[in-house]
Amino acid sequence: MMGCMAEAIYVGGLLVATPLLDDPNFRRSVVLVLEHDEDGGTLGVVLNRPSDIAVTQVLPSWDALVTGPPVLFQGGPVQTDSALALAAVPSGEEPLGWRRLQGRAAASRLGTVDLDAPPEILAGEISQMRIFAGYAGWTGGQLENEVREGAWYLVDSEPGDTFHPNPATLWRTVLRRQKGELALVATFPDDPLLN
């Protein structure tokens, strides 16, 4: 299953922006799908857009639990004044204040954190965590249309993607591990005019 194109949009899968997608919100982005319903739409967070805002400035009580870089990530253009946190648990247990992703991702150890819960109850329970300001959202059918138009590649995620230590390289890293021609897209220049 590693490194293969996903055949459909699913919770826990990745949307990788194709070089054709030049919307500044999503250019060269890698989006983790958190919710997907063909009628209700899709919700996800951009994994590779760290901001300049330190977690200590906004949610100081959570700072000790976040995986570096210790900044808020720009999760997407929707509700940018709200925060959403993802965390991994080291075991199959579901600690208080943490909710496992559903669907095909249910087997993973990834879930959302209730940021209104006291951080102390999760301190020994989670192994990694990131906080995102805003999210990416599509209405029913909208994302499927964008995929058909060539804006997104659907690929399977790997455990290290959500908390990648160097977010700036995530787009290329994810593409490079794909099979066939898709791996070559990773070498696409930042400015296609320089090609």
# chains A, B, ... in the order shown; residues from 1 in each chain; ligands from 1
$ residues_around --residues "segment 63-77 of chain A" --least-positions-apart "4" --cutoff "10 Å" --atoms "only C-alpha atoms" --output "PDB file with N, CA and C atoms, in the first residue's frame"
ATOM      1  N   ASN A  25      -3.676  29.776  -1.333  1.00  0.00           N
ATOM      2  CA  ASN A  25      -4.006  29.020  -0.122  1.00  0.00           C
ATOM      3  C   ASN A  25      -3.511  27.579  -0.197  1.00  0.00           C
ATOM      4  N   PHE A  26      -3.379  27.059  -1.416  1.00  0.00           N
ATOM      5  CA  PHE A  26      -3.091  25.635  -1.561  1.00  0.00           C
ATOM      6  C   PHE A  26      -1.885  25.306  -2.435  1.00  0.00           C
ATOM      7  N   SER A  29       0.621  22.492  -1.491  1.00  0.00           N
ATOM      8  CA  SER A  29       0.191  22.067  -0.163  1.00  0.00           C
ATOM      9  C   SER A  29      -0.039  20.559  -0.113  1.00  0.00           C
ATOM     10  N   VAL A  31      -2.603  18.221   2.113  1.00  0.00           N
ATOM     11  CA  VAL A  31      -3.765  18.324   2.994  1.00  0.00           C
ATOM     12  C   VAL A  31      -4.122  16.933   3.519  1.00  0.00           C
ATOM     13  N   LEU A  32      -4.259  16.823   4.834  1.00  0.00           N
ATOM     14  CA  LEU A  32      -4.723  15.583   5.448  1.00  0.00           C
ATOM     15  C   LEU A  32      -6.242  15.651   5.556  1.00  0.00           C
ATOM     16  N   LEU A  43     -13.435  17.953   4.809  1.00  0.00           N
ATOM     17  CA  LEU A  43     -12.716  18.863   5.692  1.00  0.00           C
ATOM     18  C   LEU A  43     -11.317  18.309   5.890  1.00  0.00           C
ATOM     19  N   GLY A  44     -10.321  19.184   5.832  1.00  0.00           N
ATOM     20  CA  GLY A  44      -8.948  18.739   6.054  1.00  0.00           C
ATOM     21  C   GLY A  44      -8.096  19.876   6.560  1.00  0.00           C
ATOM     22  N   VAL A  45      -6.824  19.559   6.847  1.00  0.00           N
ATOM     23  CA  VAL A  45      -5.880  20.600   7.261  1.00  0.00           C
ATOM     24  C   VAL A  45      -4.616  20.505   6.409  1.00  0.00           C
ATOM     25  N   VAL A  46      -4.081  21.684   6.078  1.00  0.00           N
ATOM     26  CA  VAL A  46      -2.829  21.765   5.345  1.00  0.00           C
ATOM     27  C   VAL A  46      -1.708  21.438   6.333  1.00  0.00           C
ATOM     28  N   LEU A  47      -0.894  20.441   6.002  1.00  0.00           N
ATOM     29  CA  LEU A  47       0.150  19.978   6.926  1.00  0.00           C
ATOM     30  C   LEU A  47       1.464  20.742   6.807  1.00  0.00           C
ATOM     31  N   ASN A  48       1.670  21.441   5.687  1.00  0.00           N
ATOM     32  CA  ASN A  48       3.003  22.006   5.444  1.00  0.00           C
ATOM     33  C   ASN A  48       3.033  23.528   5.376  1.00  0.00           C
ATOM     34  N   ARG A  49       2.229  24.188   6.231  1.00  0.00           N
ATOM     35  CA  ARG A  49       2.243  25.653   6.262  1.00  0.00           C
ATOM     36  C   ARG A  49       2.441  26.170   7.691  1.00  0.00           C
ATOM     37  N   PRO A  50       3.672  26.072   8.227  1.00  0.00           N
ATOM     38  CA  PRO A  50       3.890  26.644   9.550  1.00  0.00           C
ATOM     39  C   PRO A  50       3.765  28.161   9.479  1.00  0.00           C
ATOM     40  N   SER A  51       3.198  28.767  10.509  1.00  0.00           N
ATOM     41  CA  SER A  51       3.089  30.229  10.544  1.00  0.00           C
ATOM     42  C   SER A  51       4.260  30.782  11.349  1.00  0.00           C
ATOM     43  N   ASP A  52       4.267  32.094  11.546  1.00  0.00           N
ATOM     44  CA  ASP A  52       5.295  32.716  12.381  1.00  0.00           C
ATOM     45  C   ASP A  52       4.797  32.896  13.813  1.00  0.00           C
ATOM     46  N   ILE A  53       3.603  32.388  14.085  1.00  0.00           N
ATOM     47  CA  ILE A  53       2.999  32.600  15.407  1.00  0.00           C
ATOM     48  C   ILE A  53       3.328  31.429  16.325  1.00  0.00           C
ATOM     49  N   ALA A  54       4.049  31.721  17.398  1.00  0.00           N
ATOM     50  CA  ALA A  54       4.413  30.678  18.366  1.00  0.00           C
ATOM     51  C   ALA A  54       3.171  30.213  19.117  1.00  0.00           C
ATOM     52  N   VAL A  55       3.122  28.927  19.416  1.00  0.00           N
ATOM     53  CA  VAL A  55       2.001  28.375  20.187  1.00  0.00           C
ATOM     54  C   VAL A  55       1.889  29.097  21.530  1.00  0.00           C
ATOM     55  N   THR A  56       3.016  29.482  22.119  1.00  0.00           N
ATOM     56  CA  THR A  56       2.984  30.170  23.419  1.00  0.00           C
ATOM     57  C   THR A  56       2.214  31.481  23.363  1.00  0.00           C
ATOM     58  N   GLN A  57       2.160  32.117  22.175  1.00  0.00           N
ATOM     59  CA  GLN A  57       1.441  33.388  22.047  1.00  0.00           C
ATOM     60  C   GLN A  57      -0.073  33.203  22.105  1.00  0.00           C
ATOM     61  N   VAL A  58      -0.559  32.040  21.660  1.00  0.00           N
ATOM     62  CA  VAL A  58      -1.999  31.849  21.505  1.00  0.00           C
ATOM     63  C   VAL A  58      -2.567  30.832  22.491  1.00  0.00           C
ATOM     64  N   LEU A  59      -1.890  29.712  22.635  1.00  0.00           N
ATOM     65  CA  LEU A  59      -2.354  28.632  23.517  1.00  0.00           C
ATOM     66  C   LEU A  59      -1.187  28.164  24.388  1.00  0.00           C
ATOM     67  N   ASP A  81      -9.616  31.984  12.592  1.00  0.00           N
ATOM     68  CA  ASP A  81      -9.526  32.447  13.982  1.00  0.00           C
ATOM     69  C   ASP A  81      -9.818  31.317  14.964  1.00  0.00           C
ATOM     70  N   SER A  82     -10.038  30.113  14.467  1.00  0.00           N
ATOM     71  CA  SER A  82     -10.273  28.979  15.361  1.00  0.00           C
ATOM     72  C   SER A  82      -9.114  27.996  15.239  1.00  0.00           C
ATOM     73  N   ALA A  83      -8.886  27.231  16.288  1.00  0.00           N
ATOM     74  CA  ALA A  83      -7.771  26.289  16.293  1.00  0.00           C
ATOM     75  C   ALA A  83      -8.285  24.858  16.350  1.00  0.00           C
ATOM     76  N   LEU A  84      -7.529  23.989  15.707  1.00  0.00           N
ATOM     77  CA  LEU A  84      -7.833  22.563  15.670  1.00  0.00           C
ATOM     78  C   LEU A  84      -6.507  21.859  15.925  1.00  0.00           C
ATOM     79  N   ALA A  85      -6.503  20.844  16.757  1.00  0.00           N
ATOM     80  CA  ALA A  85      -5.245  20.151  17.058  1.00  0.00           C
ATOM     81  C   ALA A  85      -5.342  18.683  16.682  1.00  0.00           C
ATOM     82  N   LEU A  86      -4.247  18.168  16.150  1.00  0.00           N
ATOM     83  CA  LEU A  86      -4.124  16.746  15.849  1.00  0.00           C
ATOM     84  C   LEU A  86      -3.046  16.177  16.754  1.00  0.00           C
ATOM     85  N   ALA A  87      -3.272  14.971  17.233  1.00  0.00           N
ATOM     86  CA  ALA A  87      -2.267  14.326  18.072  1.00  0.00           C
ATOM     87  C   ALA A  87      -2.246  12.835  17.785  1.00  0.00           C
ATOM     88  N   PRO A 119      -4.693  20.498  29.411  1.00  0.00           N
ATOM     89  CA  PRO A 119      -3.561  19.806  28.788  1.00  0.00           C
ATOM     90  C   PRO A 119      -2.972  18.701  29.660  1.00  0.00           C
ATOM     91  N   GLU A 120      -3.064  18.861  30.983  1.00  0.00           N
ATOM     92  CA  GLU A 120      -2.476  17.884  31.905  1.00  0.00           C
ATOM     93  C   GLU A 120      -3.029  16.477  31.676  1.00  0.00           C
ATOM     94  N   LEU A 122      -3.770  15.071  28.969  1.00  0.00           N
ATOM     95  CA  LEU A 122      -3.200  14.450  27.772  1.00  0.00           C
ATOM     96  C   LEU A 122      -1.681  14.367  27.815  1.00  0.00           C
ATOM     97  N   ALA A 123      -1.067  15.049  28.780  1.00  0.00           N
ATOM     98  CA  ALA A 123       0.399  15.168  28.814  1.00  0.00           C
ATOM     99  C   ALA A 123       1.115  13.830  28.661  1.00  0.00           C
ATOM    100  N   GLY A 124       0.715  12.809  29.382  1.00  0.00           N
ATOM    101  CA  GLY A 124       1.413  11.526  29.279  1.00  0.00           C
ATOM    102  C   GLY A 124       0.800  10.590  28.258  1.00  0.00           C
ATOM    103  N   ILE A 126      -0.236  11.437  24.830  1.00  0.00           N
ATOM    104  CA  ILE A 126       0.000  11.638  23.392  1.00  0.00           C
ATOM    105  C   ILE A 126       1.494  11.677  23.109  1.00  0.00           C
ATOM    106  N   SER A 127       1.866  11.235  21.903  1.00  0.00           N
ATOM    107  CA  SER A 127       3.287  11.208  21.558  1.00  0.00           C
ATOM    108  C   SER A 127       3.681  12.394  20.682  1.00  0.00           C
ATOM    109  N   GLN A 128       2.740  12.906  19.880  1.00  0.00           N
ATOM    110  CA  GLN A 128       3.023  14.044  19.007  1.00  0.00           C
ATOM    111  C   GLN A 128       1.759  14.882  18.882  1.00  0.00           C
ATOM    112  N   MET A 129       1.935  16.187  18.617  1.00  0.00           N
ATOM    113  CA  MET A 129       0.766  17.059  18.485  1.00  0.00           C
ATOM    114  C   MET A 129       1.129  18.296  17.668  1.00  0.00           C
ATOM    115  N   ARG A 130       0.172  18.743  16.865  1.00  0.00           N
ATOM    116  CA  ARG A 130       0.304  20.014  16.150  1.00  0.00           C
ATOM    117  C   ARG A 130      -1.022  20.745  16.229  1.00  0.00           C
ATOM    118  N   ILE A 131      -0.943  22.088  16.240  1.00  0.00           N
ATOM    119  CA  ILE A 131      -2.145  22.922  16.302  1.00  0.00           C
ATOM    120  C   ILE A 131      -2.249  23.714  15.005  1.00  0.00           C
ATOM    121  N   PHE A 132      -3.446  23.694  14.436  1.00  0.00           N
ATOM    122  CA  PHE A 132      -3.707  24.342  13.152  1.00  0.00           C
ATOM    123  C   PHE A 132      -4.719  25.465  13.333  1.00  0.00           C
ATOM    124  N   ALA A 133      -4.441  26.612  12.733  1.00  0.00           N
ATOM    125  CA  ALA A 133      -5.398  27.722  12.718  1.00  0.00           C
ATOM    126  C   ALA A 133      -6.174  27.593  11.410  1.00  0.00           C
ATOM    127  N   GLY A 134      -7.470  27.385  11.518  1.00  0.00           N
ATOM    128  CA  GLY A 134      -8.296  27.240  10.329  1.00  0.00           C
ATOM    129  C   GLY A 134      -8.215  25.854   9.732  1.00  0.00           C
ATOM    130  N   TYR A 135      -8.988  25.651   8.676  1.00  0.00           N
ATOM    131  CA  TYR A 135      -9.011  24.362   7.997  1.00  0.00           C
ATOM    132  C   TYR A 135      -9.392  24.575   6.536  1.00  0.00           C
ATOM    133  N   ALA A 136      -9.304  23.506   5.777  1.00  0.00           N
ATOM    134  CA  ALA A 136      -9.702  23.532   4.375  1.00  0.00           C
ATOM    135  C   ALA A 136     -11.042  22.808   4.278  1.00  0.00           C
ATOM    136  N   GLY A 137     -11.978  23.385   3.544  1.00  0.00           N
ATOM    137  CA  GLY A 137     -13.290  22.754   3.430  1.00  0.00           C
ATOM    138  C   GLY A 137     -13.834  22.814   2.016  1.00  0.00           C
ATOM    139  N   PHE A 163       3.332  14.968  11.254  1.00  0.00           N
ATOM    140  CA  PHE A 163       4.259  15.689  12.141  1.00  0.00           C
ATOM    141  C   PHE A 163       5.655  15.768  11.515  1.00  0.00           C
ATOM    142  N   HIS A 164       5.697  15.902  10.193  1.00  0.00           N
ATOM    143  CA  HIS A 164       6.971  15.935   9.461  1.00  0.00           C
ATOM    144  C   HIS A 164       7.879  17.006  10.064  1.00  0.00           C
ATOM    145  N   PRO A 165       9.145  16.651  10.376  1.00  0.00           N
ATOM    146  CA  PRO A 165      10.034  17.600  11.054  1.00  0.00           C
ATOM    147  C   PRO A 165      10.398  18.833  10.218  1.00  0.00           C
ATOM    148  N   ASN A 166      10.329  18.709   8.878  1.00  0.00           N
ATOM    149  CA  ASN A 166      10.652  19.847   8.024  1.00  0.00           C
ATOM    150  C   ASN A 166       9.492  20.063   7.050  1.00  0.00           C
ATOM    151  N   PRO A 167       8.445  20.793   7.491  1.00  0.00           N
ATOM    152  CA  PRO A 167       7.252  20.958   6.670  1.00  0.00           C
ATOM    153  C   PRO A 167       7.516  21.508   5.269  1.00  0.00           C
TER     154      PRO A 167
END
$ select_by_dssp --residues "segment 16-67 of chain A" --states "strand (DSSP E or B)" --output "list in words"
Val16, Ala17, Val30, Val31, Leu32, Val33, Leu34, Glu35, His36, Asp37, Gly41, Thr42, Leu43, Gly44, Val45, Val46, Pro50, Ser51, Asp52, Ile53 and Ala54 of chain A
$ closest_residue --among "A:Ala88, A:Ile9, A:Ala105, A:Ala151" --to "Arg28 of chain A" --atoms "only C-alpha atoms"
A:Ala151
$ atom_distance --atom1 "atom CA of Asp37 of chain A" --atom2 "atom CA of Asp114 of chain A"
22.2 Å
$ atom_distance --atom1 "atom CA of Pro118 of chain A" --atom2 "atom CA of Arg100 of chain A"
18.1 Å
$ closest_residue --among "A:Leu21, A:Thr80, A:Tyr10, A:Glu35" --to "Thr112 of chain A" --atoms "only C-alpha atoms"
A:Glu35
$ closest_residue --among "A:Asp156, A:Glu181, A:Glu149, A:Glu144" --to "His36 of chain A" --atoms "only C-alpha atoms"
A:Glu144
$ residues_around --residues "Trp152 of chain A" --least-positions-apart "2" --cutoff "9 Å" --atoms "only C-alpha atoms" --output "MDAnalysis selection string"
chainID A and resid 15:21 143 146:150 154
$ write_last_selection --atoms "C-alpha atoms" --output "short mmCIF file (atom, residue, chain, number, x, y, z; two decimals), in the first residue's frame"
data_model
loop_
_atom_site.label_atom_id
_atom_site.label_comp_id
_atom_site.auth_asym_id
_atom_site.auth_seq_id
_atom_site.Cartn_x
_atom_site.Cartn_y
_atom_site.Cartn_z
CA LEU A 15 -4.53 15.60 -1.07
CA VAL A 16 -1.33 16.79 -2.73
CA ALA A 17 -1.59 19.96 -4.82
CA THR A 18 -0.54 19.42 -8.42
CA PRO A 19 1.77 21.99 -10.03
CA LEU A 20 -1.33 23.32 -11.86
CA LEU A 21 -2.94 24.45 -8.60
CA LEU A 143 -13.32 18.40 -4.20
CA GLU A 146 -11.15 19.70 -8.45
CA VAL A 147 -9.51 16.24 -8.57
CA ARG A 148 -11.03 15.57 -12.02
CA GLU A 149 -9.78 18.98 -13.21
CA GLY A 150 -6.23 18.04 -12.20
CA LEU A 154 -4.90 11.56 -4.03
#
$ closest_residue --among "A:Val113, A:Leu175, A:Val78, A:Ala183" --to "Arg99 of chain A" --atoms "only C-alpha atoms"
A:Val113
$ atom_distance --atom1 "atom CA of Gly13 of chain A" --atom2 "atom CA of Gly97 of chain A"
23.2 Å
$ select_by_dssp --residues "segment 40-72 of chain A" --states "helix (DSSP H, G or I)" --output "count of residues only"
10
